[in-house]
$ cat query_22.txt   # compact mmCIF, C-alpha atoms
# COMPACT_ATOMS: atom_id res chain seq x y z
CA MET A 1 0.00 0.00 0.00
CA ARG A 2 2.71 2.41 0.91
CA ARG A 3 4.49 1.60 -2.33
CA LEU A 4 1.34 2.47 -4.33
CA ARG A 5 1.04 5.83 -2.64
CA LEU A 6 4.61 6.71 -3.47
CA SER A 7 4.06 5.74 -7.09
CA ALA A 8 0.95 7.98 -7.36
CA ALA A 9 2.75 10.89 -5.75
CA ALA A 10 5.65 10.52 -8.12
CA ALA A 11 3.35 10.35 -11.15
CA ALA A 12 1.35 13.52 -10.32
CA PRO A 13 4.06 16.04 -11.30
CA HIS A 14 4.60 14.23 -14.57
CA GLY A 15 0.88 14.47 -15.41
CA VAL A 16 0.74 18.21 -14.75
CA LEU A 17 3.85 18.75 -16.80
CA LEU A 18 2.39 16.77 -19.66
CA LEU A 19 -0.83 18.85 -19.57
CA LEU A 20 1.14 22.07 -19.67
CA LEU A 21 3.11 20.86 -22.65
CA LEU A 22 -0.10 20.10 -24.50
CA LEU A 23 -1.70 23.49 -23.74
CA LEU A 24 1.35 25.64 -24.45
CA PRO A 25 1.06 25.60 -28.28
CA LEU A 26 -2.58 26.53 -28.10
CA VAL A 27 -1.88 29.49 -25.85
CA ALA A 28 1.00 30.62 -28.06
CA ALA A 29 -1.16 30.50 -31.19
CA ALA A 30 -4.11 32.33 -29.68
CA GLY A 31 -2.11 35.10 -28.00
CA PRO A 32 -0.67 36.98 -31.04
CA ALA A 33 -3.90 36.60 -33.03
CA ALA A 34 -5.90 38.20 -30.27
CA ALA A 35 -3.37 41.01 -29.92
CA LYS A 36 -3.30 41.80 -33.68
CA ALA A 37 -7.06 41.81 -34.24
CA PRO A 38 -7.93 45.33 -35.67
CA ALA A 39 -10.52 47.41 -33.94
CA ALA A 40 -13.88 47.46 -35.66
CA PRO A 41 -14.32 50.65 -37.76
CA PRO A 42 -16.85 53.10 -36.43
CA ALA A 43 -20.26 52.86 -38.01
CA PRO A 44 -21.01 55.63 -40.54
CA PRO A 45 -23.30 58.34 -39.25
CA ASN A 46 -27.00 58.16 -39.92
CA VAL A 47 -27.30 60.32 -43.03
CA THR A 48 -30.86 61.55 -42.53
CA THR A 49 -30.23 62.36 -38.86
CA ALA A 50 -27.16 64.40 -39.77
CA MET A 51 -29.12 66.26 -42.49
CA ALA A 52 -31.95 67.08 -40.09
CA LYS A 53 -29.49 68.57 -37.58
CA GLY A 54 -27.70 70.57 -40.28
CA GLY A 55 -30.62 72.59 -41.67
CA CYS A 56 -32.11 70.04 -44.09
CA LYS A 57 -34.87 68.58 -41.92
CA ALA A 58 -37.56 68.92 -44.60
CA PHE A 59 -35.41 67.04 -47.11
CA ALA A 60 -34.50 64.38 -44.52
CA ASP A 61 -38.19 63.86 -43.80
CA LEU A 62 -38.87 63.25 -47.49
CA ILE A 63 -36.12 60.63 -47.60
CA ALA A 64 -37.44 58.93 -44.48
CA ALA A 65 -40.90 58.77 -46.08
CA SER A 66 -39.49 56.96 -49.14
CA PRO A 67 -38.36 53.39 -48.30
CA ASP A 68 -36.30 53.05 -51.49
CA ALA A 69 -34.48 56.34 -50.98
CA SER A 70 -33.93 55.78 -47.26
CA SER A 71 -32.37 52.32 -47.64
CA THR A 72 -30.20 53.42 -50.58
CA TYR A 73 -28.83 56.44 -48.70
CA GLN A 74 -27.89 54.43 -45.62
CA SER A 75 -26.31 51.54 -47.52
CA ALA A 76 -24.26 53.95 -49.67
CA ALA A 77 -22.92 55.72 -46.59
CA GLY A 78 -20.63 52.79 -45.76
CA GLY A 79 -18.83 52.91 -49.12
CA GLY A 80 -18.63 56.69 -49.50
CA ILE A 81 -21.29 59.29 -50.25
CA THR A 82 -21.56 63.04 -50.87
CA VAL A 83 -25.00 64.58 -50.29
CA PHE A 84 -26.23 67.96 -51.54
CA CYS A 85 -29.31 68.55 -49.38
CA PRO A 86 -31.60 71.51 -50.14
CA THR A 87 -32.35 73.85 -47.25
CA ASP A 88 -35.77 73.83 -45.61
CA ASP A 89 -36.79 77.03 -47.42
CA ALA A 90 -35.83 75.54 -50.79
CA VAL A 91 -37.83 72.35 -50.12
CA ARG A 92 -40.93 74.24 -48.98
CA ALA A 93 -40.90 76.32 -52.15
CA PHE A 94 -40.60 73.16 -54.27
CA LEU A 95 -43.20 71.00 -52.49
CA PRO A 96 -46.12 71.75 -54.88
CA ARG A 97 -44.11 70.34 -57.79
CA TYR A 98 -42.78 67.45 -55.72
CA LYS A 99 -46.30 66.30 -54.84
CA ASN A 100 -47.13 65.98 -58.55
CA LEU A 101 -44.44 63.30 -59.05
CA THR A 102 -45.11 59.56 -58.93
CA ALA A 103 -43.67 57.46 -56.10
CA ASP A 104 -40.79 56.38 -58.36
CA GLY A 105 -40.24 59.95 -59.49
CA LYS A 106 -40.04 61.15 -55.89
CA ALA A 107 -37.48 58.47 -54.99
CA GLU A 108 -35.37 59.30 -58.06
CA LEU A 109 -35.44 63.00 -57.25
CA LEU A 110 -34.25 62.31 -53.69
CA LEU A 111 -31.49 59.98 -54.89
CA PHE A 112 -30.46 62.58 -57.48
CA HIS A 113 -29.10 64.75 -54.65
CA ALA A 114 -26.28 62.35 -53.69
CA VAL A 115 -23.09 61.11 -55.35
CA PRO A 116 -21.80 57.59 -54.54
CA VAL A 117 -18.30 58.94 -53.84
CA TYR A 118 -16.91 60.81 -50.86
CA TYR A 119 -15.78 64.35 -51.78
CA SER A 120 -14.35 66.64 -49.15
CA ARG A 121 -15.02 70.35 -49.56
CA GLY A 122 -11.49 70.84 -50.86
CA SER A 123 -11.64 68.00 -53.40
CA LEU A 124 -15.09 69.13 -54.53
CA LYS A 125 -13.57 72.42 -55.70
CA SER A 126 -11.17 70.57 -58.00
CA ASN A 127 -13.74 68.26 -59.59
CA ASN A 128 -15.45 70.37 -62.24
CA GLY A 129 -17.60 68.44 -64.66
CA VAL A 130 -20.38 65.87 -64.91
CA MET A 131 -21.09 63.57 -61.94
CA ASN A 132 -23.28 60.49 -61.68
CA THR A 133 -25.71 60.24 -58.77
CA LEU A 134 -27.43 57.55 -56.72
CA ALA A 135 -30.30 57.77 -59.24
CA THR A 136 -28.04 56.91 -62.19
CA ASP A 137 -28.92 53.51 -63.66
CA GLY A 138 -26.80 52.87 -66.72
CA ALA A 139 -27.57 54.52 -70.04
CA ALA A 140 -31.32 54.21 -69.53
CA LYS A 141 -31.33 56.78 -66.75
CA ASN A 142 -28.42 59.19 -66.79
CA TYR A 143 -29.51 61.33 -63.86
CA ASN A 144 -26.30 63.33 -63.74
CA PHE A 145 -25.51 66.98 -63.06
CA THR A 146 -22.60 69.34 -63.67
CA VAL A 147 -20.44 70.72 -60.85
CA GLN A 148 -18.85 74.09 -61.56
CA ASN A 149 -16.37 76.08 -59.48
CA GLU A 150 -15.50 79.75 -59.54
CA GLY A 151 -13.21 80.80 -56.75
CA ASP A 152 -14.72 79.57 -53.48
CA ALA A 153 -18.19 79.21 -55.01
CA VAL A 154 -19.38 75.72 -55.96
CA THR A 155 -22.55 75.37 -58.04
CA ILE A 156 -24.59 72.46 -59.42
CA LYS A 157 -26.48 72.84 -62.69
CA THR A 158 -28.74 70.75 -64.91
CA ALA A 159 -30.47 71.42 -68.22
CA ALA A 160 -33.83 71.45 -66.43
CA SER A 161 -33.08 74.44 -64.21
CA GLY A 162 -32.36 77.93 -65.37
CA ASP A 163 -30.40 78.84 -62.24
CA ALA A 164 -27.67 76.72 -60.66
CA ALA A 165 -27.94 75.49 -57.06
CA ARG A 166 -25.21 76.99 -54.91
CA VAL A 167 -23.41 75.09 -52.14
CA LYS A 168 -23.91 77.09 -48.96
CA SER A 169 -22.46 75.28 -45.94
CA THR A 170 -20.88 72.05 -44.72
CA VAL A 171 -22.94 69.75 -42.46
CA VAL A 172 -20.60 66.73 -42.30
CA ASP A 173 -17.16 66.29 -43.87
CA ALA A 174 -15.60 63.11 -42.50
CA ASP A 175 -14.68 60.16 -44.69
CA PRO A 176 -16.78 58.29 -45.85
CA VAL A 177 -19.65 60.83 -45.59
CA ALA A 178 -19.87 64.46 -46.73
CA ILE A 179 -23.08 66.50 -46.55
CA PHE A 180 -23.39 70.03 -47.97
CA THR A 181 -26.43 72.29 -48.03
CA VAL A 182 -27.58 73.88 -51.30
CA ASP A 183 -29.94 76.80 -51.80
CA ALA A 184 -32.28 75.10 -54.32
CA VAL A 185 -33.74 71.72 -55.23
CA ILE A 186 -31.68 70.21 -58.06
CA GLU A 187 -34.02 69.27 -60.92
CA PRO A 188 -33.10 66.31 -63.18
CA VAL A 189 -33.92 66.69 -66.84
CA GLU A 190 -35.36 63.14 -66.75
CA LEU A 191 -38.25 64.42 -64.61
CA PHE A 192 -38.61 68.04 -65.69
CA LYS A 193 -38.59 69.75 -69.05
CA PRO A 194 -35.40 71.53 -70.03
CA ALA A 195 -35.36 75.19 -69.15
CA PRO A 196 -35.83 77.46 -72.18
CA SER A 197 -32.70 79.13 -73.42
CA PRO A 198 -32.60 82.85 -72.65
CA THR A 199 -33.50 84.95 -75.68
CA PRO A 200 -30.53 87.11 -76.62
CA ALA A 201 -31.20 90.80 -76.56
CA PRO A 202 -31.44 92.29 -80.06
CA SER A 203 -28.28 94.08 -81.11
CA PRO A 204 -28.69 97.84 -81.36
CA ALA A 205 -29.19 99.21 -84.85
CA PRO A 206 -26.18 101.10 -86.24
CA ALA A 207 -26.41 104.81 -85.70
CA ALA A 208 -27.54 106.66 -88.83
CA ASP A 209 -25.14 109.19 -90.28
CA ALA A 210 -26.06 112.77 -89.55
CA PRO A 211 -27.58 114.42 -92.63
CA LYS A 212 -25.19 116.71 -94.42
CA ALA A 213 -26.12 120.38 -94.60
CA SER A 214 -27.51 121.03 -98.07
CA LYS A 215 -26.62 124.11 -100.03
CA PRO A 216 -29.46 126.59 -100.39
CA ALA A 217 -31.12 126.26 -103.76
CA HIS A 218 -30.47 129.10 -106.15
CA HIS A 219 -33.70 130.57 -107.37
CA PRO A 220 -33.47 133.28 -110.05
CA ALA A 221 -35.09 136.57 -109.15
CA PRO A 222 -38.52 136.87 -110.69
CA VAL A 223 -38.74 139.13 -113.66
CA VAL A 224 -41.26 141.88 -113.03
CA ALA A 225 -42.99 142.95 -116.20
CA ASP A 226 -43.32 146.66 -116.86
CA ALA A 227 -46.75 148.11 -116.32
CA PRO A 228 -48.56 148.48 -119.63
CA GLY A 229 -48.63 152.04 -120.93
CA PRO A 230 -51.52 153.76 -122.66
CA ALA A 231 -52.46 152.31 -125.98
CA ALA A 232 -50.70 154.04 -128.89
CA THR A 233 -52.76 155.89 -131.51
CA ASP A 234 -51.89 156.69 -135.11
CA SER A 235 -52.04 160.52 -134.68
CA PRO A 236 -51.63 162.40 -131.45
CA PRO A 237 -54.36 164.87 -130.46
CA ALA A 238 -54.06 168.54 -131.53
CA ASP A 239 -53.19 169.79 -128.05
CA GLN A 240 -50.35 167.31 -127.91
CA LYS A 241 -49.02 168.69 -131.27
CA LYS A 242 -49.00 172.23 -129.98
CA GLU A 243 -47.31 171.23 -126.75
CA ALA A 244 -44.73 169.30 -128.70
CA LYS A 245 -43.95 172.32 -130.85
CA LYS A 246 -43.59 174.56 -127.84
CA SER A 247 -41.34 172.01 -126.12
CA ALA A 248 -39.24 171.70 -129.22
CA ALA A 249 -38.98 175.45 -129.58
CA ALA A 250 -38.16 175.89 -125.93
CA GLY A 251 -35.51 173.17 -125.95
CA ALA A 252 -33.80 174.38 -129.18
CA PRO A 253 -30.53 176.39 -128.98
CA PRO A 254 -30.71 180.25 -129.33
CA CYS A 255 -29.41 180.33 -132.91
CA VAL A 256 -32.04 177.91 -134.02
CA ARG A 257 -34.76 179.90 -132.30
CA TRP A 258 -33.56 183.10 -133.88
CA PHE A 259 -33.57 181.48 -137.36
CA ALA A 260 -37.03 180.15 -136.79
CA ALA A 261 -38.27 183.58 -135.76
CA ALA A 262 -36.77 185.14 -138.92
CA LEU A 263 -38.52 182.59 -141.06
CA ALA A 264 -41.77 183.30 -139.33
CA ALA A 265 -41.39 187.08 -139.96
CA VAL A 266 -40.68 186.55 -143.67
CA ALA A 267 -43.68 184.34 -143.97
CA MET A 268 -45.90 186.89 -142.33
CA ALA A 269 -44.55 189.70 -144.57
CA SER A 270 -45.18 187.75 -147.70
CA THR A 271 -48.72 187.10 -146.52
CA LEU A 272 -49.42 190.77 -145.95
CA ALA A 273 -48.00 191.72 -149.38
$ encode --input "query_22.txt" --output "structure tokens"
Amino acid sequence: MRRLRLSAAAAAPHGVLLLLLLLLPLVAAAGPAAAKAPAAPPAPPNVTTAMAKGGCKAFADLIAASPDASSTYQSAAGGGITVFCPTDDAVRAFLPRYKNLTADGKAELLLFHAVPVYYSRGSLKSNNGVMNTLATDGAAKNYNFTVQNEGDAVTIKTAASGDAARVKSTVVDADPVAIFTVDAVIEPVELFKPAPSPTPAPSPAPAADAPKASKPAHHPAPVVADAPGPAATDSPPADQKKEAKKSAAAGAPPCVRWFAAALAAVAMASTLA
């Protein structure tokens, strides 16, 4: 009996040692793996909640009321998304037209306000050009808009709106989600008629040359006819003959008058004889 007890006591340390040898590889393999396991990435923010807190509550409410739009927004947030949410004033002004859309049209309009890529405010300023949206579905539905930059101003334009929507403020800008407010609802040409092109103002007519001063016309002086005199007769009256003789006698020189008087005296003398 005593010999059996000694044998059991001697075997106990060997059994513990054997157990430790068996467990040591398992502990060694599990230790580094547990230490190197990366921390789980933080969950992306709730897009509609962030929009509601940033001045786009009316737009966020429209998304929440559309199951298709709501699920698409939240699933896209994990892979990167940039949202251009209209302000509450812009949505209220647009509501009458929004209510006239079908359920599919409403969902497409809401999805049209987001791009499936994360753009920070800085990178957005260097990405002029056409962008696809969450509403884009191949060639059948383009649903894209044009981003334009001029200095610090960023605008979004489509063929269906005459005026571009202007980016006003930043709500969230942390990869993978960026949310910016815009001052108007962005209208896709797939749902709304293209805006008419502005009619160019008519060009002013060329100024007419000033009329040259014309020379005064030369009009010849009218010829005034002499007043008609008394009608001529074949023989003057007797009184006119006597007056004419007296005038002739009075106007003659002295020698002539003297000779005429001598002739008159001779004629009278011959008459008396």
$ closest_residue --input "query_22.txt" --among "A:Ala64, A:Val83, A:Ala184, A:Leu191" --to "Asn142 (chain A)" --atoms "only C-alpha atoms"
A:Leu191
$ closest_residue --input "query_22.txt" --among "A:Val185, A:Gly54, A:Asp163, A:Thr158" --to "Asp89 (chain A)" --atoms "all atoms listed in the file"
A:Val185
$ residues_around --input "query_22.txt" --residues "Ser123 (chain A)" --least-positions-apart "2" --cutoff "12 Å" --atoms "all atoms listed in the file" --output "PyMOL selection string"
chain A and resi 82+117-121+125-128+147+149+152+154+173+178
$ write_last_selection --input "query_22.txt" --atoms "C-alpha atoms" --output "PDB file, in the coordinates of the input"
ATOM      1  CA  THR A  82     -21.560  63.040 -50.870  1.00  0.00           C
ATOM      2  CA  VAL A 117     -18.300  58.940 -53.840  1.00  0.00           C
ATOM      3  CA  TYR A 118     -16.910  60.810 -50.860  1.00  0.00           C
ATOM      4  CA  TYR A 119     -15.780  64.350 -51.780  1.00  0.00           C
ATOM      5  CA  SER A 120     -14.350  66.640 -49.150  1.00  0.00           C
ATOM      6  CA  ARG A 121     -15.020  70.350 -49.560  1.00  0.00           C
ATOM      7  CA  LYS A 125     -13.570  72.420 -55.700  1.00  0.00           C
ATOM      8  CA  SER A 126     -11.170  70.570 -58.000  1.00  0.00           C
ATOM      9  CA  ASN A 127     -13.740  68.260 -59.590  1.00  0.00           C
ATOM     10  CA  ASN A 128     -15.450  70.370 -62.240  1.00  0.00           C
ATOM     11  CA  VAL A 147     -20.440  70.720 -60.850  1.00  0.00           C
ATOM     12  CA  ASN A 149     -16.370  76.080 -59.480  1.00  0.00           C
ATOM     13  CA  ASP A 152     -14.720  79.570 -53.480  1.00  0.00           C
ATOM     14  CA  VAL A 154     -19.380  75.720 -55.960  1.00  0.00           C
ATOM     15  CA  ASP A 173     -17.160  66.290 -43.870  1.00  0.00           C
ATOM     16  CA  ALA A 178     -19.870  64.460 -46.730  1.00  0.00           C
TER      17      ALA A 178
END
$ atom_distance --input "query_22.txt" --atom1 "CA of Arg92 (chain A)" --atom2 "CA of His113 (chain A)"
16.2 Å
$ residues_around --input "query_22.txt" --residues "Pro86 (chain A)" --least-positions-apart "3" --cutoff "7 Å" --atoms "all atoms listed in the file" --output "PDB file with C-alpha atoms, in the coordinates of the input"
ATOM      1  CA  CYS A  56     -32.110  70.040 -44.090  1.00  0.00           C
ATOM      2  CA  PHE A  59     -35.410  67.040 -47.110  1.00  0.00           C
ATOM      3  CA  ALA A  90     -35.830  75.540 -50.790  1.00  0.00           C
ATOM      4  CA  VAL A  91     -37.830  72.350 -50.120  1.00  0.00           C
ATOM      5  CA  THR A 181     -26.430  72.290 -48.030  1.00  0.00           C
ATOM      6  CA  VAL A 182     -27.580  73.880 -51.300  1.00  0.00           C
ATOM      7  CA  ASP A 183     -29.940  76.800 -51.800  1.00  0.00           C
ATOM      8  CA  ALA A 184     -32.280  75.100 -54.320  1.00  0.00           C
ATOM      9  CA  VAL A 185     -33.740  71.720 -55.230  1.00  0.00           C
TER      10      VAL A 185
END
$ closest_residue --input "query_22.txt" --among "A:Val172, A:Met131, A:Tyr143, A:Val189" --to "Thr48 (chain A)" --atoms "all atoms listed in the file"
A:Val172
$ residues_around --input "query_22.txt" --residues "Ile81 (chain A)" --least-positions-apart "4" --cutoff "7 Å" --atoms "only C-alpha atoms" --output "number ranges by chain"
A: 76-77, 114-118, 176-178
$ write_last_selection --input "query_22.txt" --atoms "C-alpha atoms" --output "mmCIF file, in the frame of the given file"
data_model
loop_
_atom_site.group_PDB
_atom_site.id
_atom_site.type_symbol
_atom_site.label_atom_id
_atom_site.label_comp_id
_atom_site.auth_asym_id
_atom_site.auth_seq_id
_atom_site.Cartn_x
_atom_site.Cartn_y
_atom_site.Cartn_z
ATOM 1 C CA ALA A 76 -24.260 53.950 -49.670
ATOM 2 C CA ALA A 77 -22.920 55.720 -46.590
ATOM 3 C CA ALA A 114 -26.280 62.350 -53.690
ATOM 4 C CA VAL A 115 -23.090 61.110 -55.350
ATOM 5 C CA PRO A 116 -21.800 57.590 -54.540
ATOM 6 C CA VAL A 117 -18.300 58.940 -53.840
ATOM 7 C CA TYR A 118 -16.910 60.810 -50.860
ATOM 8 C CA PRO A 176 -16.780 58.290 -45.850
ATOM 9 C CA VAL A 177 -19.650 60.830 -45.590
ATOM 10 C CA ALA A 178 -19.870 64.460 -46.730
#
$ atom_distance --input "query_22.txt" --atom1 "CA of Ile156 (chain A)" --atom2 "CA of Phe84 (chain A)"
9.2 Å
$ closest_residue --input "query_22.txt" --among "A:Thr146, A:Thr87, A:Leu62, A:Pro44" --to "Gln74 (chain A)" --atoms "all atoms listed in the file"
A:Pro44
$ atom_distance --input "query_22.txt" --atom1 "CA of Gly138 (chain A)" --atom2 "CA of Pro67 (chain A)"
21.8 Å
$ closest_residue --input "query_22.txt" --among "A:Val171, A:Ala195, A:Ile186, A:Leu95" --to "Val47 (chain A)" --atoms "all atoms listed in the file"
A:Val171
$ closest_residue --input "query_22.txt" --among "A:Met51, A:Ala135, A:Ala140, A:Ala159" --to "Phe192 (chain A)" --atoms "only C-alpha atoms"
A:Ala159
